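Peer 1: Got a file for you: query-v9.pdb, PDB, C-alpha atoms.
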```pdb
MODEL        1
ATOM      1  CA  GLU F   1     168.173 118.788 114.651
ATOM      2  CA  ALA F   2     167.242 117.347 111.251
ATOM      3  CA  VAL F   3     164.460 115.342 112.913
ATOM      4  CA  ASP F   4     163.178 118.488 114.658
ATOM      5  CA  GLU F   5     163.186 120.428 111.386
ATOM      6  CA  ALA F   6     161.267 117.652 109.650
ATOM      7  CA  GLN F   7     158.718 117.620 112.467
ATOM      8  CA  VAL F   8     158.279 121.395 112.305
ATOM      9  CA  SER F   9     157.823 121.270 108.533
ATOM     10  CA  THR F  10     155.214 118.545 108.896
ATOM     11  CA  GLU F  11     153.282 120.483 111.533
ATOM     12  CA  VAL F  12     153.374 123.710 109.537
ATOM     13  CA  ALA F  13     152.339 121.881 106.369
ATOM     14  CA  GLU F  14     149.401 120.230 108.128
ATOM     15  CA  ARG F  15     148.203 123.617 109.377
ATOM     16  CA  GLY F  16     148.737 125.158 105.951
ATOM     17  CA  TRP F  17     146.720 122.544 104.100
ATOM     18  CA  ARG F  18     143.934 122.620 106.709
ATOM     19  CA  TRP F  19     143.732 126.372 106.265
ATOM     20  CA  PHE F  20     143.849 126.117 102.455
ATOM     21  CA  GLU F  21     140.929 123.695 102.487
ATOM     22  CA  SER F  22     139.013 125.780 105.025
ATOM     23  CA  VAL F  23     138.978 128.787 102.677
ATOM     24  CA  GLY F  24     137.802 126.696  99.729
ATOM     25  CA  LYS F  25     141.102 125.722  98.070
ATOM     26  CA  PRO F  26     141.343 129.078  96.253
ATOM     27  CA  ARG F  27     142.948 128.961  92.818
ATOM     28  CA  TYR F  28     142.347 132.542  91.665
ATOM     29  CA  TRP F  29     144.085 135.157  93.821
ATOM     30  CA  VAL F  30     143.952 138.950  93.416
ATOM     31  CA  ALA F  31     147.296 140.515  94.291
ATOM     32  CA  PRO F  32     147.883 143.269  96.866
ATOM     33  CA  MET F  33     148.307 146.572  95.019
ATOM     34  CA  VAL F  34     149.107 149.875  96.702
ATOM     35  CA  GLY F  35     146.393 152.428  96.067
ATOM     36  CA  GLN F  36     144.109 149.859  94.423
ATOM     37  CA  SER F  37     143.289 146.876  96.653
ATOM     38  CA  GLU F  38     140.605 148.570  98.725
ATOM     39  CA  LEU F  39     137.281 147.035  99.747
ATOM     40  CA  PRO F  40     135.268 148.130  96.655
ATOM     41  CA  TRP F  41     137.910 146.704  94.303
ATOM     42  CA  ARG F  42     138.026 143.428  96.214
ATOM     43  CA  MET F  43     134.247 143.059  96.090
ATOM     44  CA  LEU F  44     134.292 143.781  92.352
ATOM     45  CA  MET F  45     136.875 141.053  91.826
ATOM     46  CA  ARG F  46     134.896 138.546  93.873
ATOM     47  CA  GLY F  47     131.874 139.198  91.703
ATOM     48  CA  LEU F  48     133.990 138.415  88.642
ATOM     49  CA  GLY F  49     135.318 135.055  89.768
ATOM     50  CA  ALA F  50     138.237 135.724  92.165
ATOM     51  CA  HIS F  51     138.433 133.171  94.973
ATOM     52  CA  ILE F  52     140.488 135.205  97.451
ATOM     53  CA  CYS F  53     141.688 138.819  97.721
ATOM     54  CA  HIS F  54     144.393 140.827  99.487
ATOM     55  CA  THR F  55     144.366 144.235 101.041
ATOM     56  CA  GLU F  56     147.005 146.608  99.798
ATOM     57  CA  MET F  57     150.243 146.530 101.783
ATOM     58  CA  ILE F  58     149.501 148.132 105.153
ATOM     59  CA  ASP F  59     152.237 149.754 107.216
ATOM     60  CA  ALA F  60     152.622 147.581 110.320
ATOM     61  CA  GLY F  61     153.809 150.451 112.503
ATOM     62  CA  GLY F  62     150.855 152.674 111.746
ATOM     63  CA  TYR F  63     148.415 149.787 112.103
ATOM     64  CA  ALA F  64     149.825 148.734 115.456
ATOM     65  CA  LYS F  65     149.924 152.204 116.991
ATOM     66  CA  SER F  66     147.045 154.210 115.551
ATOM     67  CA  GLU F  67     143.337 153.421 115.831
ATOM     68  CA  SER F  68     142.486 156.074 113.260
ATOM     69  CA  TYR F  69     145.025 154.566 110.857
ATOM     70  CA  ARG F  70     143.390 151.158 111.285
ATOM     71  CA  ALA F  71     140.034 152.759 110.476
ATOM     72  CA  MET F  72     141.378 153.588 107.009
ATOM     73  CA  TYR F  73     141.211 149.849 106.203
ATOM     74  CA  PRO F  74     137.618 148.757 106.938
ATOM     75  CA  PHE F  75     136.445 145.145 106.907
ATOM     76  CA  ASP F  76     133.199 143.687 105.604
ATOM     77  CA  SER F  77     131.735 140.273 106.403
ATOM     78  CA  LYS F  78     131.078 139.702 102.678
ATOM     79  CA  ASP F  79     134.736 140.320 101.853
ATOM     80  CA  ARG F  80     136.000 136.813 102.584
ATOM     81  CA  PRO F  81     138.258 134.975 102.329
ATOM     82  CA  LEU F  82     140.602 137.895 102.868
ATOM     83  CA  VAL F  83     144.364 138.235 103.341
ATOM     84  CA  VAL F  84     145.700 141.316 105.137
ATOM     85  CA  GLN F  85     149.215 142.137 103.940
ATOM     86  CA  LEU F  86     151.638 143.934 106.246
ATOM     87  CA  GLY F  87     154.844 145.775 105.421
ATOM     88  CA  GLY F  88     157.503 146.176 108.077
ATOM     89  CA  SER F  89     160.731 144.825 109.509
ATOM     90  CA  ASN F  90     160.317 144.981 113.293
ATOM     91  CA  PRO F  91     159.235 141.571 114.646
ATOM     92  CA  GLU F  92     157.479 143.008 117.698
ATOM     93  CA  VAL F  93     155.582 145.619 115.709
ATOM     94  CA  LEU F  94     154.638 143.091 113.022
ATOM     95  CA  ALA F  95     153.311 140.791 115.744
ATOM     96  CA  GLN F  96     151.234 143.595 117.256
ATOM     97  CA  ALA F  97     149.749 144.540 113.886
ATOM     98  CA  ALA F  98     149.089 140.904 112.959
ATOM     99  CA  ALA F  99     147.278 140.295 116.241
ATOM    100  CA  LEU F 100     145.002 143.269 115.577
ATOM    101  CA  ALA F 101     144.221 142.218 112.003
ATOM    102  CA  ALA F 102     143.863 138.451 112.440
ATOM    103  CA  PRO F 103     140.399 138.434 114.070
ATOM    104  CA  HIS F 104     138.968 140.223 111.016
ATOM    105  CA  CYS F 105     140.454 138.150 108.198
ATOM    106  CA  ASP F 106     141.476 134.657 107.124
ATOM    107  CA  ALA F 107     145.232 135.218 106.931
ATOM    108  CA  VAL F 108     147.910 137.814 107.529
ATOM    109  CA  GLU F 109     150.797 138.021 105.073
ATOM    110  CA  LEU F 110     154.271 139.524 105.345
ATOM    111  CA  ASN F 111     155.395 141.494 102.293
ATOM    112  CA  VAL F 112     158.867 140.267 101.309
ATOM    113  CA  GLY F 113     158.547 141.380  97.706
ATOM    114  CA  CYS F 114     158.380 145.179  97.506
ATOM    115  CA  PRO F 115     161.466 146.463  95.600
ATOM    116  CA  GLN F 116     160.763 150.193  95.956
ATOM    117  CA  ARG F 117     163.159 152.778  97.370
ATOM    118  CA  CYS F 118     161.008 153.255 100.470
ATOM    119  CA  ALA F 119     161.347 149.522 101.190
ATOM    120  CA  ARG F 120     165.130 149.746 100.922
ATOM    121  CA  GLN F 121     165.209 152.718 103.286
ATOM    122  CA  GLY F 122     162.921 150.966 105.765
ATOM    123  CA  GLY F 123     164.603 147.582 105.437
ATOM    124  CA  TYR F 124     161.367 145.780 104.611
ATOM    125  CA  GLY F 125     159.821 144.143 101.539
ATOM    126  CA  SER F 126     162.278 142.316  99.280
ATOM    127  CA  PHE F 127     165.210 143.738 101.254
ATOM    128  CA  LEU F 128     164.358 141.351 104.081
ATOM    129  CA  MET F 129     165.573 138.569 101.775
ATOM    130  CA  ASP F 130     169.133 139.796 102.399
ATOM    131  CA  LYS F 131     168.736 139.181 106.152
ATOM    132  CA  PRO F 132     167.330 135.657 106.458
ATOM    133  CA  GLU F 133     167.762 135.325 110.220
ATOM    134  CA  HIS F 134     166.009 138.610 110.858
ATOM    135  CA  LEU F 135     163.297 137.620 108.370
ATOM    136  CA  ARG F 136     162.875 134.370 110.250
ATOM    137  CA  ARG F 137     162.287 136.253 113.504
ATOM    138  CA  CYS F 138     159.694 138.431 111.786
ATOM    139  CA  VAL F 139     157.745 135.420 110.500
ATOM    140  CA  GLU F 140     158.009 133.558 113.798
ATOM    141  CA  ALA F 141     156.660 136.568 115.684
ATOM    142  CA  MET F 142     153.808 137.043 113.231
ATOM    143  CA  ALA F 143     152.836 133.363 113.170
ATOM    144  CA  SER F 144     152.658 133.175 116.947
ATOM    145  CA  ALA F 145     150.591 136.360 117.210
ATOM    146  CA  ILE F 146     148.197 135.310 114.444
ATOM    147  CA  HIS F 147     147.461 131.909 115.946
ATOM    148  CA  GLU F 148     146.907 133.371 119.389
ATOM    149  CA  ALA F 149     144.537 136.070 118.091
ATOM    150  CA  ASN F 150     142.673 133.801 115.661
ATOM    151  CA  PRO F 151     143.505 130.063 115.637
ATOM    152  CA  SER F 152     141.761 129.584 112.293
ATOM    153  CA  ALA F 153     143.842 132.247 110.516
ATOM    154  CA  ALA F 154     147.116 131.501 108.755
ATOM    155  CA  CYS F 155     150.525 133.129 108.422
ATOM    156  CA  LEU F 156     151.431 133.813 104.785
ATOM    157  CA  VAL F 157     154.536 135.263 103.109
ATOM    158  CA  LYS F 158     155.031 136.708  99.616
ATOM    159  CA  ILE F 159     158.557 136.708  98.206
ATOM    160  CA  ARG F 160     160.527 137.411  95.048
ATOM    161  CA  CYS F 161     163.287 135.209  93.664
ATOM    162  CA  PHE F 162     167.074 135.269  93.652
ATOM    163  CA  ASP F 163     168.980 134.713  90.409
ATOM    164  CA  ASP F 164     170.220 131.531  92.080
ATOM    165  CA  THR F 165     167.354 129.027  92.239
ATOM    166  CA  ALA F 166     169.004 127.124  95.091
ATOM    167  CA  ALA F 167     169.099 130.298  97.196
ATOM    168  CA  THR F 168     165.391 130.899  96.619
ATOM    169  CA  VAL F 169     164.589 127.306  97.580
ATOM    170  CA  GLU F 170     166.689 127.625 100.727
ATOM    171  CA  LEU F 171     164.850 130.814 101.665
ATOM    172  CA  ALA F 172     161.469 129.156 101.092
ATOM    173  CA  ARG F 173     162.403 126.190 103.287
ATOM    174  CA  MET F 174     163.518 128.536 106.043
ATOM    175  CA  LEU F 175     160.176 130.364 105.877
ATOM    176  CA  VAL F 176     158.341 127.074 106.392
ATOM    177  CA  GLN F 177     160.487 126.410 109.469
ATOM    178  CA  ALA F 178     159.591 129.883 110.732
ATOM    179  CA  GLY F 179     155.858 129.200 110.423
ATOM    180  CA  CYS F 180     154.824 130.267 106.903
ATOM    181  CA  GLU F 181     151.773 128.165 106.033
ATOM    182  CA  CYS F 182     151.210 129.349 102.456
ATOM    183  CA  LEU F 183     153.796 130.996 100.216
ATOM    184  CA  THR F 184     153.351 133.243  97.177
ATOM    185  CA  VAL F 185     156.335 133.427  94.831
ATOM    186  CA  HIS F 186     156.721 136.312  92.386
ATOM    187  CA  GLY F 187     158.933 134.928  89.624
ATOM    188  CA  ARG F 188     161.092 138.024  89.252
ATOM    189  CA  THR F 189     164.123 139.295  91.127
ATOM    190  CA  ARG F 190     164.242 142.490  93.136
ATOM    191  CA  LYS F 191     166.428 144.118  90.474
ATOM    192  CA  GLN F 192     163.709 143.510  87.926
ATOM    193  CA  GLY F 193     161.771 146.034  89.914
ATOM    194  CA  GLY F 194     158.174 147.005  90.336
ATOM    195  CA  GLY F 195     155.773 149.587  88.988
ATOM    196  CA  LYS F 196     156.274 150.409  85.310
ATOM    197  CA  ARG F 197     159.569 148.512  85.145
ATOM    198  CA  THR F 198     158.003 145.116  85.940
ATOM    199  CA  GLY F 199     156.845 144.384  82.402
ATOM    200  CA  ARG F 200     160.353 144.572  80.947
ATOM    201  CA  TRP F 201     161.077 141.045  82.185
ATOM    202  CA  ALA F 202     158.928 137.940  81.988
ATOM    203  CA  ALA F 203     158.428 136.180  85.321
ATOM    204  CA  ASN F 204     160.355 132.909  85.496
ATOM    205  CA  TRP F 205     157.896 130.087  86.102
ATOM    206  CA  GLY F 206     160.792 127.627  86.348
ATOM    207  CA  TRP F 207     162.004 129.334  89.508
ATOM    208  CA  ILE F 208     158.509 129.101  90.976
ATOM    209  CA  ARG F 209     158.224 125.431  90.057
ATOM    210  CA  ALA F 210     161.473 124.695  91.904
ATOM    211  CA  VAL F 211     160.086 126.271  95.080
ATOM    212  CA  LYS F 212     156.798 124.378  94.792
ATOM    213  CA  ALA F 213     158.695 121.097  94.464
ATOM    214  CA  ALA F 214     160.827 121.869  97.521
ATOM    215  CA  VAL F 215     158.310 122.887 100.193
ATOM    216  CA  PRO F 216     155.348 120.972 101.705
ATOM    217  CA  ILE F 217     152.931 123.919 101.973
ATOM    218  CA  PRO F 218     150.527 125.458  99.429
ATOM    219  CA  VAL F 219     152.381 127.665  96.927
ATOM    220  CA  ILE F 220     150.849 130.425  94.799
ATOM    221  CA  SER F 221     152.435 131.591  91.535
ATOM    222  CA  ASN F 222     152.628 135.310  90.699
ATOM    223  CA  GLY F 223     153.672 136.802  87.347
ATOM    224  CA  ASN F 224     152.812 136.639  83.611
ATOM    225  CA  ILE F 225     149.035 136.309  84.085
ATOM    226  CA  ARG F 226     147.608 138.520  81.351
ATOM    227  CA  GLU F 227     144.624 136.528  80.100
ATOM    228  CA  ARG F 228     142.590 133.455  80.977
ATOM    229  CA  ALA F 229     144.769 131.031  79.010
ATOM    230  CA  ASP F 230     147.777 132.065  81.103
ATOM    231  CA  VAL F 231     146.070 130.796  84.255
ATOM    232  CA  ASP F 232     145.921 127.181  83.121
ATOM    233  CA  ALA F 233     149.352 127.414  81.487
ATOM    234  CA  CYS F 234     150.871 128.708  84.728
ATOM    235  CA  LEU F 235     149.276 126.022  86.885
ATOM    236  CA  GLU F 236     150.589 123.346  84.537
ATOM    237  CA  ALA F 237     154.079 124.851  84.244
ATOM    238  CA  THR F 238     154.610 125.495  87.957
ATOM    239  CA  GLY F 239     152.521 122.790  89.627
ATOM    240  CA  CYS F 240     151.299 125.487  92.017
ATOM    241  CA  ASP F 241     148.067 125.423  93.979
ATOM    242  CA  GLY F 242     146.865 128.834  92.837
ATOM    243  CA  VAL F 243     147.618 131.775  90.556
ATOM    244  CA  MET F 244     147.853 135.424  91.593
ATOM    245  CA  SER F 245     147.256 138.333  89.242
ATOM    246  CA  GLY F 246     147.616 142.079  89.731
ATOM    247  CA  CYS F 247     148.229 143.899  86.447
ATOM    248  CA  GLY F 248     146.295 141.246  84.556
ATOM    249  CA  VAL F 249     143.057 141.806  86.446
ATOM    250  CA  MET F 250     143.630 145.561  86.393
ATOM    251  CA  LYS F 251     143.458 145.489  82.608
ATOM    252  CA  ARG F 252     140.956 142.622  82.342
ATOM    253  CA  PRO F 253     138.838 142.509  85.514
ATOM    254  CA  TRP F 254     136.952 139.519  84.072
ATOM    255  CA  LEU F 255     140.143 137.449  83.806
ATOM    256  CA  PHE F 256     138.937 134.964  86.440
ATOM    257  CA  ALA F 257     135.261 135.007  85.360
ATOM    258  CA  PRO F 258     133.927 131.464  84.825
ATOM    259  CA  ASN F 259     131.787 132.400  81.819
ATOM    260  CA  ARG F 260     132.693 135.241  79.481
ATOM    261  CA  ARG F 261     129.247 135.259  77.844
ATOM    262  CA  ASP F 262     127.499 136.861  80.832
ATOM    263  CA  VAL F 263     130.364 139.133  81.825
ATOM    264  CA  SER F 264     129.087 142.323  80.161
ATOM    265  CA  ASP F 265     125.770 142.534  82.026
ATOM    266  CA  ARG F 266     127.371 141.297  85.206
ATOM    267  CA  LEU F 267     130.203 143.804  84.947
ATOM    268  CA  ARG F 268     127.805 146.735  84.483
ATOM    269  CA  LEU F 269     125.960 145.853  87.688
ATOM    270  CA  LEU F 270     129.188 145.302  89.599
ATOM    271  CA  LEU F 271     130.709 148.557  88.377
ATOM    272  CA  ALA F 272     127.653 150.480  89.615
ATOM    273  CA  GLU F 273     128.104 148.867  93.036
ATOM    274  CA  TYR F 274     131.847 149.528  92.849
ATOM    275  CA  GLU F 275     131.374 153.239  92.181
ATOM    276  CA  HIS F 276     128.962 153.571  95.099
ATOM    277  CA  ALA F 277     131.268 151.644  97.433
ATOM    278  CA  SER F 278     134.292 153.633  96.235
ATOM    279  CA  GLU F 279     132.641 156.913  97.197
ATOM    280  CA  HIS F 280     131.875 155.543 100.657
ATOM    281  CA  ALA F 281     135.396 154.118 101.084
ATOM    282  CA  SER F 282     136.920 157.425  99.978
ATOM    283  CA  GLU F 283     134.951 159.248 102.657
ATOM    284  CA  GLN F 284     136.066 156.725 105.289
ATOM    285  CA  ARG F 285     139.707 157.002 104.246
ATOM    286  CA  GLN F 286     139.545 160.806 104.293
ATOM    287  CA  ASP F 287     138.049 160.749 107.789
ATOM    288  CA  GLY F 288     140.763 158.328 108.897
ATOM    289  CA  GLU F 289     143.544 160.454 107.451
ATOM    290  CA  GLU F 290     142.213 163.561 109.169
ATOM    291  CA  GLY F 291     142.146 161.738 112.491
ATOM    292  CA  ALA F 292     145.366 159.788 112.036
ATOM    293  CA  GLY F 293     147.630 162.737 112.625
ATOM    294  CA  GLY F 294     150.425 161.025 110.684
ATOM    295  CA  GLY F 295     149.820 157.621 112.256
ATOM    296  CA  ALA F 296     151.406 155.761 109.364
ATOM    297  CA  SER F 297     154.674 157.579 109.884
ATOM    298  CA  GLN F 298     155.009 155.890 113.273
ATOM    299  CA  GLY F 299     155.901 152.654 111.490
ATOM    300  CA  SER F 300     158.712 151.593 109.196
ATOM    301  CA  GLU F 301     157.329 153.465 106.157
ATOM    302  CA  PRO F 302     156.741 157.233 106.479
ATOM    303  CA  LYS F 303     153.379 158.399 105.198
ATOM    304  CA  GLN F 304     155.014 160.678 102.642
ATOM    305  CA  GLU F 305     156.955 157.761 101.183
ATOM    306  CA  GLN F 306     153.792 155.651 101.098
ATOM    307  CA  GLU F 307     151.953 158.350  99.143
ATOM    308  CA  GLN F 308     154.863 158.517  96.694
ATOM    309  CA  VAL F 309     154.569 154.769  96.101
ATOM    310  CA  VAL F 310     150.847 155.176  95.378
ATOM    311  CA  ARG F 311     151.466 157.945  92.856
ATOM    312  CA  LYS F 312     154.306 156.072  91.192
ATOM    313  CA  GLU F 313     152.320 152.867  90.795
ATOM    314  CA  LYS F 314     149.272 154.669  89.436
ATOM    315  CA  ARG F 315     151.371 156.584  86.885
ATOM    316  CA  GLY F 316     153.193 153.495  85.694
ATOM    317  CA  ARG F 317     150.386 150.944  85.664
ATOM    318  CA  GLU F 318     149.175 151.447  82.089
ATOM    319  CA  GLU F 319     152.704 151.506  80.692
ATOM    320  CA  GLU F 320     153.568 148.448  82.788
ATOM    321  CA  GLU F 321     150.705 146.426  81.331
ATOM    322  CA  GLU F 322     151.747 147.255  77.760
ATOM    323  CA  GLU F 323     155.392 146.413  78.441
ATOM    324  CA  GLU F 324     154.501 143.137  80.140
ATOM    325  CA  GLU F 325     152.478 141.992  77.146
ATOM    326  CA  GLU F 326     155.375 142.795  74.816
ATOM    327  CA  ALA F 327     157.959 141.135  77.049
ATOM    328  CA  VAL F 328     156.020 137.955  77.679
ATOM    329  CA  ALA F 329     154.576 137.439  74.213
ATOM    330  CA  GLY F 330     156.294 134.460  72.663
ATOM    331  CA  ALA F 331     158.556 133.912  75.674
ATOM    332  CA  GLU F 332     158.873 130.481  77.253
ATOM    333  CA  ALA F 333     157.651 130.380  80.844
TER     334      ALA F 333
ENDMDL
END
```
What does the file become when written as structure tokens?
Peer 2:
Amino acid sequence: EAVDEAQVSTEVAERGWRWFESVGKPRYWVAPMVGQSELPWRMLMRGLGAHICHTEMIDAGGYAKSESYRAMYPFDSKDRPLVVQLGGSNPEVLAQAAALAAPHCDAVELNVGCPQRCARQGGYGSFLMDKPEHLRRCVEAMASAIHEANPSAACLVKIRCFDDTAATVELARMLVQAGCECLTVHGRTRKQGGGKRTGRWAANWGWIRAVKAAVPIPVISNGNIRERADVDACLEATGCDGVMSGCGVMKRPWLFAPNRRDVSDRLRLLLAEYEHASEHASEQRQDGEEGAGGGASQGSEPKQEQEQVVRKEKRGREEEEEEEEEAVAGAEA
């Protein structure tokens, strides 16, 4: 059995590193953010130095069952490399949604990090960490569906941490066995929350480093990225292969820009394109919502709950950024 596990890990790692190289070895990742990570935002970030972007978390049930719901998340050939993130807890439904998304993107990721109430009620997000065997089945189903639909696409997972580093490492190793080819680790626990509560605790880069040292696949670090200097500091402290930022790029969209001197003119042009694209995307989303007939509610997260998450995150984002700066300032990673 130990030999079989080692063989599986080797095969998954080989696929993971081939994929990582095929998308340009991305170091600068823009996080999935509910109500924010739409096509115009992703294109803006790419123009300012991001190497790879995520969609917002998409309800797997709605995506699998409703064509009009899928239309609310349009793709663009210029928007690559792209990771589609799914939220859900039903292996079969996750596989169906992943198979539909995989031909249009470079990877499909399972959200195992959301700490919100709707995630607890639906049994998805970070609450999947409490059910490792069920989580394993979810990842196995997704990985198989992704590779069948698009052999060049990868299966990704984004997790939080336990207070016990050994438990987080064990979970990460299990995910590799299940078929996870690239892992993002948010260096906070579920209890440390999301939304405006996130900034009250600094992400623990030591926890992330322990995971990176324990698994053979690419690992991305998430948390405490507020300015450019944090990027290099995080890579050095964690040994990770990339850095993901959400709140940091929300406050400083130029965080990943290679040259700050030309950012102002560049940003003005990009913002004009962003505003135009946002208007178009808003019209598409409105058309999709009118035709969806509650499609999202067919999945694990009811549409009403999803809208509440959007409102909550938007209300708390500015306060979260301020609190994160205060909490992390002077703290050791």
Peer 1: If I take atom CA of F:Arg160 and atom CA of F:Ser126, how far is one from the other in Å, to one decimal?
Peer 2: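 Calculated distance between atom CA of F:Arg160 and atom CA of F:Ser126 is 6.7 Å.
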Peer 1: Determine, using only C-alpha atoms, which residues of stretch 125-160 of chain F have any atom at most 9 Å from an atom of stretch 5-21 of chain F, and tabulate each with its shortest atom pair and distance in Å to one decimal place, rows ordered by chain and then rising number, as a Markdown table.
Peer 2:
```
| residue | atom | partner | partner_atom | distance |
| --- | --- | --- | --- | --- |
| F:Ser152 | CA | F:Trp19 | CA | 7.1 |
| F:Ala153 | CA | F:Trp19 | CA | 7.3 |
| F:Ala154 | CA | F:Trp19 | CA | 6.6 |
| F:Cys155 | CA | F:Gly16 | CA | 8.5 |
```
Peer 1: So the first atom is atom CA of F:Cys240 and the second is atom CA of F:Ala119; what is the distance between them in Å, to one decimal place?
Peer 2: 27.6 Å
Peer 1: In Å, with one decimal, what is the gap from atom CA of F:Ala99 to atom CA of F:Gly87?
Peer 2: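 These two atoms are separated by 14.3 Å.
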Peer 1: Which of these residues is nearest to F:Lys158, using all atoms listed in the file: F:Gln36, F:Ser221, F:Ser66, F:Asn90?
Peer 2: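 Ranking F:Gln36, F:Ser221, F:Ser66, F:Asn90 by distance to F:Lys158, first place goes to F:Ser221.
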Peer 1: Using the chain letters and numbers from this file, what does the PyMOL selection byres ((chain F and resi 135-139) around 8) select? Give the answer as a PDB file with C-alpha atoms, in the frame of the given file.
Peer 2:
```
ATOM      1  CA  SER F  89     160.731 144.825 109.509  1.00  0.00           C
ATOM      2  CA  ASN F  90     160.317 144.981 113.293  1.00  0.00           C
ATOM      3  CA  PRO F  91     159.235 141.571 114.646  1.00  0.00           C
ATOM      4  CA  GLU F  92     157.479 143.008 117.698  1.00  0.00           C
ATOM      5  CA  LEU F  94     154.638 143.091 113.022  1.00  0.00           C
ATOM      6  CA  ALA F  95     153.311 140.791 115.744  1.00  0.00           C
ATOM      7  CA  LEU F 110     154.271 139.524 105.345  1.00  0.00           C
ATOM      8  CA  LEU F 128     164.358 141.351 104.081  1.00  0.00           C
ATOM      9  CA  MET F 129     165.573 138.569 101.775  1.00  0.00           C
ATOM     10  CA  LYS F 131     168.736 139.181 106.152  1.00  0.00           C
ATOM     11  CA  PRO F 132     167.330 135.657 106.458  1.00  0.00           C
ATOM     12  CA  GLU F 133     167.762 135.325 110.220  1.00  0.00           C
ATOM     13  CA  HIS F 134     166.009 138.610 110.858  1.00  0.00           C
ATOM     14  CA  GLU F 140     158.009 133.558 113.798  1.00  0.00           C
ATOM     15  CA  ALA F 141     156.660 136.568 115.684  1.00  0.00           C
ATOM     16  CA  MET F 142     153.808 137.043 113.231  1.00  0.00           C
ATOM     17  CA  ALA F 143     152.836 133.363 113.170  1.00  0.00           C
ATOM     18  CA  CYS F 155     150.525 133.129 108.422  1.00  0.00           C
ATOM     19  CA  MET F 174     163.518 128.536 106.043  1.00  0.00           C
ATOM     20  CA  LEU F 175     160.176 130.364 105.877  1.00  0.00           C
ATOM     21  CA  ALA F 178     159.591 129.883 110.732  1.00  0.00           C
ATOM     22  CA  GLY F 179     155.858 129.200 110.423  1.00  0.00           C
ATOM     23  CA  CYS F 180     154.824 130.267 106.903  1.00  0.00           C
TER      24      CYS F 180
END
```
Peer 1: Decode the PyMOL selection byres ((chain F and resi 239) around 10) for the given file into explicit residues and return them as a ChimeraX atom specification.
Peer 2: /F:205,208-213,219-221,233-238,240-242
Peer 1: If we draw a sphere of 7 Å around (153.9, 145.9, 99.8), which residues have at least one atom in it when counting all atoms listed in the file? Please report them as a ChimeraX atom specification.
Peer 2: /F:34,56-57,87,111,113-114,125
Peer 1: Counting all atoms listed in the file, figure out which residue out of F:Val108, F:Ile58, F:Leu39, F:Cys53 gets nearest to F:Ser144.
Peer 2: F:Val108
Peer 1: Can you list, as a list in words, the residues that the PyMOL selection byres ((chain F and resi 38) around 9) selects here?
Peer 2: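 Matching residues under the PyMOL selection byres ((chain F and resi 38) around 9) are Met33, Val34, Gly35, Gln36, Ser37, Leu39, Pro40, Trp41, Arg42, Met43, His54, Thr55, Glu56, Tyr73, Pro74, Ser278 and Ala281 of chain F.
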Peer 1: Contacts of F:Gly248 at 9 Å or less, counting all atoms listed in the file, minus same-chain residues fewer than 2 places along, as a list of chain:residue names?
Peer 2: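 Residues near the query, excluding close chain neighbours: F:Asn224, F:Ile225, F:Arg226, F:Glu227, F:Ser245, F:Gly246, F:Met250, F:Lys251, F:Arg252, F:Pro253, F:Leu255, F:Glu321.
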Peer 1: Is it possible to get the axis-aligned box enclosing stretch 67-86 of chain F (all listed atoms, 6 Å extra per side) as lines of an AutoDock Vina configuration file, with centre and edge lengths in Å rounded to one decimal?
Peer 2:
```
center_x = 141.4
center_y = 145.5
center_z = 108.8
size_x = 32.6
size_y = 33.1
size_z = 26.0
```
Peer 1: Pick from F:Ile146, F:Ala101, F:Val249, F:Val169: nearest to F:Arg70, with only C-alpha atoms counted?
Peer 2: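 Looking at the shortest contact to F:Arg70, the residue is F:Ala101.
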Peer 1: Restricting the calculation to only C-alpha atoms, which member of F:Arg173, F:Lys78, F:Arg27, F:Arg190 is positioned closest to F:Arg120?
Peer 2: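 The closest residue to F:Arg120 is F:Arg190.
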Peer 1: Report as an NGL selection string all protein, DNA and RNA residues lying within 10 Å of stretch 187-189 of chain F, evaluated on only C-alpha atoms, omitting residues in the same chain fewer than 2 positions from it.
Peer 2: :F and (113 or 115 or 126 or 159-164 or 184-185 or 191-194 or 198 or 201-209 or 221-224 or 333)
